[in-house]
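Reviewing the structure listed below.
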Amino acid sequence: MTYQVFTAESPGRMSLPDSPSSVWVISTLEIAVGWQGEHHLMLVHPSYPLAEQINSPSHDEGYWAPPFVAYPVPIDFSPPTTVGSLWRLATEAVDRIDVVRDLNHLAYQMGLRDIELRQRSPFLELKISPRSPSLVKAYYILRHGLIGVDASSCRNLADPEQRRGYVFLPLGQYRSATQGRYSVEHERNERWFLGKPIMSNIEHVLDDDMRRLAISEEGIGVQPALFNRVEQGILCVVDLAGYGAALRYAFEHMHTFSTSAIAAQEDFRRRMAEEMHTMLGDIGTTQAQFAGDGFVAAFPERVYPDINKLISAILIRWERLIGLVEKLNNAIRDPMQRVGTRIVLHRGAYTYGRVAGPRSFAAAFDGTSIIEVVRLEQGLAADAKRRSTDMFTSLPHRSHLLAVSTSLDDTLGVAQRKVAFARWTQLGQAHLVSKEYDGDALVYRFPTPDGEQ
């Protein structure tokens, strides 16, 4: 069969090409969010594909869908065989459901209050099930638009830190923002957005220019500032020096008859990644971006008002990570292939969240202070590698280095420096340069037992 849509105007006596194995009422909540003169439809990812389903698509992505509430419709003695009998079965089921109450409950769970809904034209779908492609199912789509909400809850629409997982499909650029692909399993063309297909009911609605316009005209305006937050806090950048060389060494030398080279390499990578994630989780921040062998993290002062206590917590956890690195280094016989570490601490203002408004599909950092702390780390890496100054000339090939920006150092008291950096050896102040940025920082080294790393 192919995908088919029926409305109240469809001939009731028309035979269905296939009798559905089950019938569902899907009550959708269409939420258009306005930003800079454009409206975007909120979509969620309600389910990963079910495992081991017959004829499941190989892409294994699941579908974008609007927020919704689903109701199974009982089929008593035999499934419907005509459009009319299917329509009656679905609409009679709706009469027994308090749809508006359930949509208000859904909105409450989304953090929205005092909502205003508008019912839009419903329709029936008969199609191959998106999650169980071996089955044909019917879906009665009850459309409701969110056209009003209390302004105090609009940050829950913006989802600035992506905690709710919303993505926003631009209605005005629907064609250019999506791509068409034919699905062999579902026997129809599908439109894809952000690397995943869109559920057919939303695709049907948005394929019509007038329906897209109507949704946009009843959209909810959201202030741009709600999509992200301007913060003041401690910024932290870490990186592993020689990480790639160590992985290559693990691949070439750290395997036995019972452990493959790839397994040794993967174990090295996994243990370091787990420790970095655990470190930030233990300290408690979720404002972080990881990139292989390092990360950028921020600790906002509204959450961490005691800077001295925070710095101590960061360094205690970083020293634990250094201990893990040293255990791994002990298994690397060649000192030139061992791993060093770099950590840079800075203080300043930054932006975190959906920095591009609804077109952001992941939380990110922005701001001058973010560039500064990243450039300080790059400058520290370059100077340590070149050994161009006296400070770095006498260092071992791989060292554990810490750089504290002068702006952060100015806020730390002398007594706190002695406590936080008690196990670190101060090397002095360095002028670190990277690309268009240059800045000063106090550089420390963490000594190791053999003095080599």
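Identifiers in this document derive from the order of the structure tokens: chains are assigned A, B, ..., residues are numbered from 1 separately in each chain, and ligands are numbered from 1 in order of occurrence.
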12 Å contact set for Gln416 of chain A, only C-alpha atoms, chain neighbours under 2 positions out, as a compact mmCIF listing (two decimals) with N, CA and C atoms, in the first residue's frame:
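Below is the file that was written, selection20.txt:
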# COMPACT_ATOMS: atom_id res chain seq x y z
N ASP A 306 30.87 31.03 45.53
CA ASP A 306 32.15 31.00 46.23
C ASP A 306 33.23 30.56 45.25
N ILE A 307 33.92 31.55 44.65
CA ILE A 307 34.92 31.25 43.62
C ILE A 307 36.08 30.44 44.18
N ASN A 308 36.51 30.79 45.39
CA ASN A 308 37.65 30.07 45.98
C ASN A 308 37.33 28.59 46.18
N LYS A 309 36.14 28.30 46.67
CA LYS A 309 35.73 26.92 46.88
C LYS A 309 35.63 26.18 45.56
N LEU A 310 35.14 26.87 44.53
CA LEU A 310 35.00 26.25 43.21
C LEU A 310 36.36 25.90 42.63
N ILE A 311 37.30 26.85 42.69
CA ILE A 311 38.63 26.59 42.13
C ILE A 311 39.26 25.39 42.81
N SER A 312 39.12 25.30 44.12
CA SER A 312 39.68 24.15 44.84
C SER A 312 39.03 22.85 44.36
N ASP A 409 43.20 35.61 38.53
CA ASP A 409 44.17 35.68 39.63
C ASP A 409 43.94 36.90 40.50
N ASP A 410 43.52 37.99 39.87
CA ASP A 410 43.27 39.22 40.63
C ASP A 410 42.14 39.07 41.64
N THR A 411 41.22 38.13 41.38
CA THR A 411 40.09 37.94 42.30
C THR A 411 40.40 36.95 43.41
N LEU A 412 41.50 36.22 43.30
CA LEU A 412 41.86 35.23 44.31
C LEU A 412 42.77 35.86 45.35
N GLY A 413 42.52 35.59 46.59
CA GLY A 413 43.37 36.08 47.65
C GLY A 413 44.64 35.26 47.78
N VAL A 414 45.63 35.83 48.44
CA VAL A 414 46.92 35.15 48.61
C VAL A 414 46.72 33.84 49.37
N LYS A 418 47.41 29.74 48.05
CA LYS A 418 48.24 28.75 48.74
C LYS A 418 47.47 27.45 48.95
N VAL A 419 46.16 27.57 49.20
CA VAL A 419 45.36 26.38 49.43
C VAL A 419 45.07 25.66 48.12
N ALA A 420 44.54 26.39 47.13
CA ALA A 420 44.12 25.77 45.88
C ALA A 420 45.28 25.21 45.08
N PHE A 421 46.42 25.92 45.10
CA PHE A 421 47.56 25.52 44.29
C PHE A 421 48.67 24.90 45.15
N ALA A 422 48.28 24.32 46.28
CA ALA A 422 49.27 23.80 47.23
C ALA A 422 50.16 22.73 46.62
**strand (DSSP E or B) call set, DSSP backbone run, segment 93-128 of chain A, as a VMD selection string** = chain A and resid 116 to 128
Report as CSV the residues of segment 195-222 of chain A within 12 Å of segment 118-125 of chain A, each with its shortest atom pair and distance in Å (one decimal), using only C-alpha atoms, ordered by chain and increasing residue number.
residue,atom,partner,partner_atom,distance
A:Met199,CA,A:Glu125,CA,11.4
A:Ser200,CA,A:Glu125,CA,8.6
A:Asn201,CA,A:Glu125,CA,7.6
A:Ile202,CA,A:Glu125,CA,11.3
A:Glu203,CA,A:Glu125,CA,11.8
A:His204,CA,A:Glu125,CA,9.7
A:Val205,CA,A:Ser121,CA,9.7
A:Arg211,CA,A:Arg120,CA,9.7
A:Ala214,CA,A:Arg120,CA,9.9
A:Ile215,CA,A:Arg120,CA,9.6
A:Glu218,CA,A:Arg118,CA,9.3
A:Gly219,CA,A:Arg118,CA,11.4
Just to be explicit: take each residue in the selection above, keep all heavy atoms, and write the result as a tab-separated table (two decimals), in the first residue's frame.
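Saved result, again14.tsv, follows:
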chain	number	residue	atom	x	y	z
A	199	MET	N	7.65	13.05	11.02
A	199	MET	CA	6.45	12.22	11.04
A	199	MET	C	5.48	12.68	9.95
A	199	MET	O	5.34	13.88	9.69
A	199	MET	CB	5.80	12.29	12.42
A	199	MET	CG	4.82	11.16	12.68
A	199	MET	SD	5.58	9.52	12.70
A	199	MET	CE	6.27	9.48	14.36
A	200	SER	N	4.80	11.72	9.34
A	200	SER	CA	4.00	11.98	8.15
A	200	SER	C	2.87	12.98	8.41
A	200	SER	O	2.51	13.76	7.51
A	200	SER	CB	3.41	10.67	7.62
A	200	SER	OG	2.60	10.05	8.61
A	201	ASN	N	2.29	12.99	9.62
A	201	ASN	CA	1.19	13.92	9.85
A	201	ASN	C	1.65	15.38	9.80
A	201	ASN	O	0.96	16.25	9.30
A	201	ASN	CB	0.49	13.63	11.19
A	201	ASN	CG	1.41	13.73	12.38
A	201	ASN	OD1	2.37	12.99	12.49
A	201	ASN	ND2	1.12	14.65	13.28
A	202	ILE	N	2.85	15.65	10.31
A	202	ILE	CA	3.40	17.00	10.24
A	202	ILE	C	3.79	17.34	8.80
A	202	ILE	O	3.57	18.46	8.32
A	202	ILE	CB	4.60	17.14	11.19
A	202	ILE	CG1	4.11	17.34	12.60
A	202	ILE	CG2	5.51	18.30	10.80
A	202	ILE	CD1	3.32	18.62	12.82
A	203	GLU	N	4.35	16.37	8.11
A	203	GLU	CA	4.70	16.61	6.71
A	203	GLU	C	3.46	16.94	5.89
A	203	GLU	O	3.48	17.85	5.05
A	203	GLU	CB	5.39	15.36	6.15
A	203	GLU	CG	5.89	15.52	4.73
A	203	GLU	CD	6.54	14.26	4.23
A	203	GLU	OE1	7.03	13.46	5.06
A	203	GLU	OE2	6.54	14.07	3.00
A	204	HIS	N	2.36	16.24	6.13
A	204	HIS	CA	1.11	16.51	5.42
A	204	HIS	C	0.62	17.93	5.70
A	204	HIS	O	0.20	18.65	4.78
A	204	HIS	CB	0.04	15.50	5.83
A	204	HIS	CG	-1.33	15.83	5.33
A	204	HIS	ND1	-1.71	15.73	4.01
A	204	HIS	CD2	-2.43	16.33	5.99
A	204	HIS	CE1	-2.96	16.11	3.86
A	204	HIS	NE2	-3.43	16.48	5.05
A	205	VAL	N	0.68	18.35	6.95
A	205	VAL	CA	0.23	19.69	7.32
A	205	VAL	C	1.10	20.75	6.67
A	205	VAL	O	0.61	21.73	6.08
A	205	VAL	CB	0.22	19.86	8.85
A	205	VAL	CG1	0.00	21.32	9.24
A	205	VAL	CG2	-0.85	18.98	9.47
A	211	ARG	N	-1.64	26.29	5.15
A	211	ARG	CA	-1.62	25.77	6.51
A	211	ARG	C	-0.38	26.27	7.26
A	211	ARG	O	-0.46	26.60	8.45
A	211	ARG	CB	-1.68	24.24	6.50
A	211	ARG	CG	-3.07	23.68	6.21
A	211	ARG	CD	-3.17	22.22	6.59
A	211	ARG	NE	-2.39	21.37	5.71
A	211	ARG	CZ	-2.89	20.68	4.69
A	211	ARG	NH1	-4.18	20.78	4.40
A	211	ARG	NH2	-2.13	19.91	3.95
A	214	ALA	N	-1.10	29.80	8.25
A	214	ALA	CA	-2.05	29.90	9.36
A	214	ALA	C	-1.38	29.58	10.69
A	214	ALA	O	-1.64	30.23	11.71
A	214	ALA	CB	-3.22	28.94	9.11
A	215	ILE	N	-0.50	28.58	10.70
A	215	ILE	CA	0.23	28.24	11.93
A	215	ILE	C	1.12	29.40	12.35
A	215	ILE	O	1.20	29.76	13.53
A	215	ILE	CB	1.05	26.95	11.72
A	215	ILE	CG1	0.12	25.76	11.51
A	215	ILE	CG2	1.97	26.70	12.92
A	215	ILE	CD1	0.85	24.49	11.12
A	218	GLU	N	-0.60	32.41	14.03
A	218	GLU	CA	-1.06	32.19	15.39
A	218	GLU	C	0.08	31.75	16.30
A	218	GLU	O	-0.14	31.15	17.36
A	218	GLU	CB	-2.19	31.15	15.41
A	218	GLU	CG	-3.45	31.65	14.71
A	218	GLU	CD	-4.60	30.68	14.82
A	218	GLU	OE1	-4.35	29.45	14.86
A	218	GLU	OE2	-5.76	31.14	14.87
A	219	GLY	N	1.30	32.05	15.89
A	219	GLY	CA	2.47	31.65	16.67
A	219	GLY	C	2.63	32.48	17.94
A	219	GLY	O	2.01	33.52	18.12
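Closest approach to Lys435 of chain A among A:Glu319, A:Asp282, A:Glu372, A:Glu190: A:Glu372, based on only C-alpha atoms.
Compared by their closest atoms to Arg163 of chain A, and using only C-alpha atoms, the residues A:Thr278, A:His39, A:Ser27, A:Met110 rank with A:Met110 nearest.
Residue neighbourhood of Glu116 of chain A, excluding near-sequence residues (fewer than 2 positions): Asn104, Arg113, Asp114, Arg118, His144, Gly145, Leu146, Ile147, Gly148, Val149 and Asp150 of chain A, at 10 Å, using only C-alpha atoms.
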**Request:** Rounded to one decimal place, report the atom CA of Thr351 of chain A-atom CA of Gln173 of chain A distance in Å.
**Result:** 26.8 Å
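For the choices A:Met279, A:Leu86, A:Leu41, A:Ala430, the atom-to-atom distance to Gly12 of chain A is smallest for A:Leu86 when using only C-alpha atoms.
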**Asked** In segment 35-220 of chain A, what's alpha helix (DSSP H) per DSSP? Answer as a ChimeraX atom specification?
**Response** /A:83-94,99-109,155-158,174-177,200-206,209-217
**Request:** Give me the residues within 12 Å of Ala298 of chain A as an MDAnalysis selection string, counting only C-alpha atoms and dropping any in the same chain fewer than 6 places off.
**Result:** chainID A and resid 230:238 280 283:289 304 310:311 314 344:353 364:366 369:370 373
**Request:** Compile the contact shell of segment 388-405 of chain A as a ChimeraX atom specification: residues with an atom at most 8 Å away, counting only C-alpha atoms, same-chain residues fewer than 3 positions apart removed.
**Result:** /A:241-242,322,335-336,338-347,376-377,380,383-384,408-409,427-428,439-447,451-453
**Asked** What does the distance between atom CA of Val94 of chain A and atom CA of Arg164 of chain A come to in Å, to one decimal place?
**Response** 28.7 Å
Can you tell me, as a PDB file with N, CA, C and O atoms, in the first residue's frame, what residues are no more than 8 Å from Arg359 of chain A when counting only C-alpha atoms, ignoring any on the same chain fewer than 6 positions away?
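Listed below is the output, result03.pdb:
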ATOM      1  N   VAL A 167      13.500  20.809  18.964  1.00  0.00           N
ATOM      2  CA  VAL A 167      14.096  21.432  17.780  1.00  0.00           C
ATOM      3  C   VAL A 167      13.002  22.259  17.124  1.00  0.00           C
ATOM      4  O   VAL A 167      11.809  22.042  17.373  1.00  0.00           O
ATOM      5  N   PHE A 168      13.402  23.208  16.285  1.00  0.00           N
ATOM      6  CA  PHE A 168      12.436  24.140  15.703  1.00  0.00           C
ATOM      7  C   PHE A 168      12.617  24.187  14.184  1.00  0.00           C
ATOM      8  O   PHE A 168      13.680  24.563  13.685  1.00  0.00           O
ATOM      9  N   LEU A 169      11.569  23.805  13.499  1.00  0.00           N
ATOM     10  CA  LEU A 169      11.584  23.767  12.040  1.00  0.00           C
ATOM     11  C   LEU A 169      11.091  25.098  11.494  1.00  0.00           C
ATOM     12  O   LEU A 169       9.956  25.513  11.780  1.00  0.00           O
ATOM     13  N   PRO A 170      11.914  25.822  10.715  1.00  0.00           N
ATOM     14  CA  PRO A 170      11.480  27.131  10.189  1.00  0.00           C
ATOM     15  C   PRO A 170      10.356  26.962   9.175  1.00  0.00           C
ATOM     16  O   PRO A 170      10.503  26.259   8.175  1.00  0.00           O
TER      17      PRO A 170
END
Do you know which residues are at most 12 Å from Pro49 of chain A counting only C-alpha atoms, after dropping those on the same chain fewer than 3 positions away, and could you put them as a short mmCIF file (atom, residue, chain, number, x, y, z; two decimals) with all heavy atoms, in the first residue's frame?
data_model
loop_
_atom_site.label_atom_id
_atom_site.label_comp_id
_atom_site.auth_asym_id
_atom_site.auth_seq_id
_atom_site.Cartn_x
_atom_site.Cartn_y
_atom_site.Cartn_z
N HIS A 45 11.46 14.46 19.73
CA HIS A 45 11.86 13.12 19.27
C HIS A 45 11.30 12.12 20.28
O HIS A 45 11.94 11.79 21.27
CB HIS A 45 13.38 13.03 19.19
CG HIS A 45 13.88 11.77 18.53
ND1 HIS A 45 14.45 10.74 19.23
CD2 HIS A 45 13.88 11.40 17.24
CE1 HIS A 45 14.79 9.77 18.40
NE2 HIS A 45 14.47 10.15 17.18
N PRO A 46 10.05 11.66 20.08
CA PRO A 46 9.37 10.91 21.13
C PRO A 46 9.90 9.51 21.38
O PRO A 46 9.72 8.96 22.46
CB PRO A 46 7.93 10.85 20.63
CG PRO A 46 8.04 10.96 19.15
CD PRO A 46 9.21 11.87 18.90
N GLU A 52 14.80 -4.80 16.65
CA GLU A 52 14.47 -6.10 16.04
C GLU A 52 13.08 -6.12 15.41
O GLU A 52 12.36 -7.11 15.49
CB GLU A 52 14.60 -7.22 17.08
CG GLU A 52 16.00 -7.33 17.65
CD GLU A 52 16.11 -8.41 18.73
OE1 GLU A 52 15.08 -9.02 19.06
OE2 GLU A 52 17.21 -8.62 19.24
N GLN A 53 12.69 -5.00 14.80
CA GLN A 53 11.42 -4.96 14.08
C GLN A 53 11.63 -5.41 12.64
O GLN A 53 12.64 -5.09 12.01
CB GLN A 53 10.84 -3.55 14.10
CG GLN A 53 10.43 -3.06 15.47
CD GLN A 53 9.27 -3.85 16.04
OE1 GLN A 53 8.16 -3.82 15.50
NE2 GLN A 53 9.51 -4.56 17.12
N ILE A 54 10.68 -6.15 12.11
CA ILE A 54 10.78 -6.62 10.73
C ILE A 54 10.73 -5.43 9.78
O ILE A 54 9.87 -4.55 9.90
CB ILE A 54 9.62 -7.60 10.42
CG1 ILE A 54 9.72 -8.82 11.35
CG2 ILE A 54 9.65 -8.04 8.96
CD1 ILE A 54 8.54 -9.76 11.22
N ASN A 55 11.65 -5.41 8.84
CA ASN A 55 11.67 -4.39 7.79
C ASN A 55 11.92 -2.98 8.32
O ASN A 55 11.49 -2.00 7.73
CB ASN A 55 10.36 -4.41 7.00
CG ASN A 55 10.49 -3.78 5.63
OD1 ASN A 55 11.56 -3.88 5.01
ND2 ASN A 55 9.44 -3.14 5.14
N SER A 56 12.60 -2.86 9.47
CA SER A 56 12.90 -1.53 10.01
C SER A 56 13.89 -0.80 9.10
O SER A 56 14.79 -1.42 8.52
CB SER A 56 13.49 -1.64 11.41
OG SER A 56 12.51 -2.06 12.33
N PRO A 57 13.75 0.53 8.97
CA PRO A 57 14.70 1.29 8.13
C PRO A 57 16.13 1.16 8.66
O PRO A 57 16.35 1.14 9.87
CB PRO A 57 14.18 2.73 8.25
CG PRO A 57 12.75 2.60 8.63
CD PRO A 57 12.66 1.37 9.49
N SER A 58 17.06 1.09 7.76
CA SER A 58 18.46 0.92 8.15
C SER A 58 19.04 2.17 8.81
O SER A 58 20.02 2.08 9.54
CB SER A 58 19.30 0.56 6.93
OG SER A 58 19.21 1.57 5.93
N HIS A 59 18.41 3.35 8.56
CA HIS A 59 18.97 4.57 9.14
C HIS A 59 18.81 4.62 10.66
O HIS A 59 19.55 5.32 11.33
CB HIS A 59 18.36 5.82 8.49
CG HIS A 59 16.88 5.92 8.59
ND1 HIS A 59 16.20 6.16 9.75
CD2 HIS A 59 15.93 5.83 7.62
CE1 HIS A 59 14.90 6.21 9.52
NE2 HIS A 59 14.70 6.01 8.23
N ASP A 60 17.82 3.91 11.22
CA ASP A 60 17.71 3.75 12.68
C ASP A 60 17.65 5.08 13.41
O ASP A 60 18.31 5.28 14.42
CB ASP A 60 18.91 2.92 13.20
CG ASP A 60 18.66 2.39 14.60
OD1 ASP A 60 17.54 1.99 14.89
OD2 ASP A 60 19.62 2.39 15.41
N GLU A 61 16.85 6.02 12.90
CA GLU A 61 16.85 7.37 13.44
C GLU A 61 15.63 7.75 14.26
O GLU A 61 15.68 8.65 15.07
CB GLU A 61 17.02 8.40 12.30
CG GLU A 61 18.42 8.48 11.74
CD GLU A 61 19.43 9.03 12.73
OE1 GLU A 61 19.04 9.59 13.76
OE2 GLU A 61 20.62 8.89 12.46
N GLY A 62 14.50 7.13 14.04
CA GLY A 62 13.29 7.64 14.68
C GLY A 62 12.78 8.87 13.94
O GLY A 62 13.36 9.30 12.95
N TYR A 63 11.68 9.47 14.45
CA TYR A 63 11.01 10.54 13.72
C TYR A 63 10.82 11.77 14.59
O TYR A 63 10.55 11.66 15.78
CB TYR A 63 9.64 10.07 13.23
CG TYR A 63 9.69 9.15 12.04
CD1 TYR A 63 10.04 7.81 12.19
CD2 TYR A 63 9.42 9.62 10.76
CE1 TYR A 63 10.10 6.96 11.10
CE2 TYR A 63 9.47 8.79 9.66
CZ TYR A 63 9.82 7.45 9.83
OH TYR A 63 9.88 6.63 8.75
N TRP A 64 10.93 12.95 13.95
CA TRP A 64 10.51 14.19 14.60
C TRP A 64 8.99 14.25 14.59
O TRP A 64 8.36 13.88 13.60
CB TRP A 64 11.05 15.42 13.88
CG TRP A 64 12.53 15.60 13.88
CD1 TRP A 64 13.35 15.70 12.79
CD2 TRP A 64 13.39 15.76 15.02
NE1 TRP A 64 14.66 15.89 13.17
CE2 TRP A 64 14.71 15.94 14.54
CE3 TRP A 64 13.17 15.77 16.39
CZ2 TRP A 64 15.80 16.12 15.38
CZ3 TRP A 64 14.26 15.95 17.24
CH2 TRP A 64 15.55 16.12 16.74
N SER A 129 3.19 1.44 9.68
CA SER A 129 3.60 1.96 10.98
C SER A 129 5.05 2.42 10.96
O SER A 129 5.93 1.69 10.48
CB SER A 129 3.43 0.89 12.05
OG SER A 129 4.05 1.27 13.26
N PRO A 130 5.33 3.64 11.45
CA PRO A 130 6.72 4.11 11.46
C PRO A 130 7.62 3.30 12.38
O PRO A 130 8.81 3.15 12.11
CB PRO A 130 6.60 5.57 11.94
CG PRO A 130 5.28 5.64 12.64
CD PRO A 130 4.39 4.66 11.96
N ARG A 131 7.08 2.75 13.46
CA ARG A 131 7.90 1.98 14.40
C ARG A 131 7.85 0.47 14.14
O ARG A 131 8.75 -0.25 14.54
CB ARG A 131 7.47 2.27 15.84
CG ARG A 131 7.72 3.70 16.28
CD ARG A 131 7.82 3.81 17.79
NE ARG A 131 6.63 3.32 18.48
CZ ARG A 131 6.55 3.17 19.80
NH1 ARG A 131 7.59 3.46 20.56
NH2 ARG A 131 5.44 2.75 20.37
N SER A 132 6.78 0.01 13.49
CA SER A 132 6.63 -1.42 13.18
C SER A 132 6.25 -1.55 11.70
O SER A 132 5.08 -1.73 11.36
CB SER A 132 5.57 -2.06 14.07
OG SER A 132 5.88 -1.89 15.44
N PRO A 133 7.23 -1.44 10.81
CA PRO A 133 6.93 -1.36 9.37
C PRO A 133 6.25 -2.60 8.79
O PRO A 133 5.81 -2.56 7.64
CB PRO A 133 8.32 -1.15 8.74
CG PRO A 133 9.16 -0.60 9.84
CD PRO A 133 8.66 -1.25 11.09
N LYS A 196 17.00 13.52 10.59
CA LYS A 196 15.98 12.56 10.96
C LYS A 196 14.72 12.85 10.15
O LYS A 196 14.41 14.00 9.84
CB LYS A 196 15.65 12.63 12.46
CG LYS A 196 16.84 12.37 13.38
CD LYS A 196 16.43 12.42 14.84
CE LYS A 196 17.64 12.39 15.76
NZ LYS A 196 18.45 11.17 15.59
N PRO A 197 13.93 11.81 9.83
CA PRO A 197 12.68 12.04 9.08
C PRO A 197 11.62 12.71 9.95
O PRO A 197 11.63 12.59 11.18
CB PRO A 197 12.25 10.64 8.66
CG PRO A 197 12.90 9.73 9.66
CD PRO A 197 14.19 10.37 10.05
#
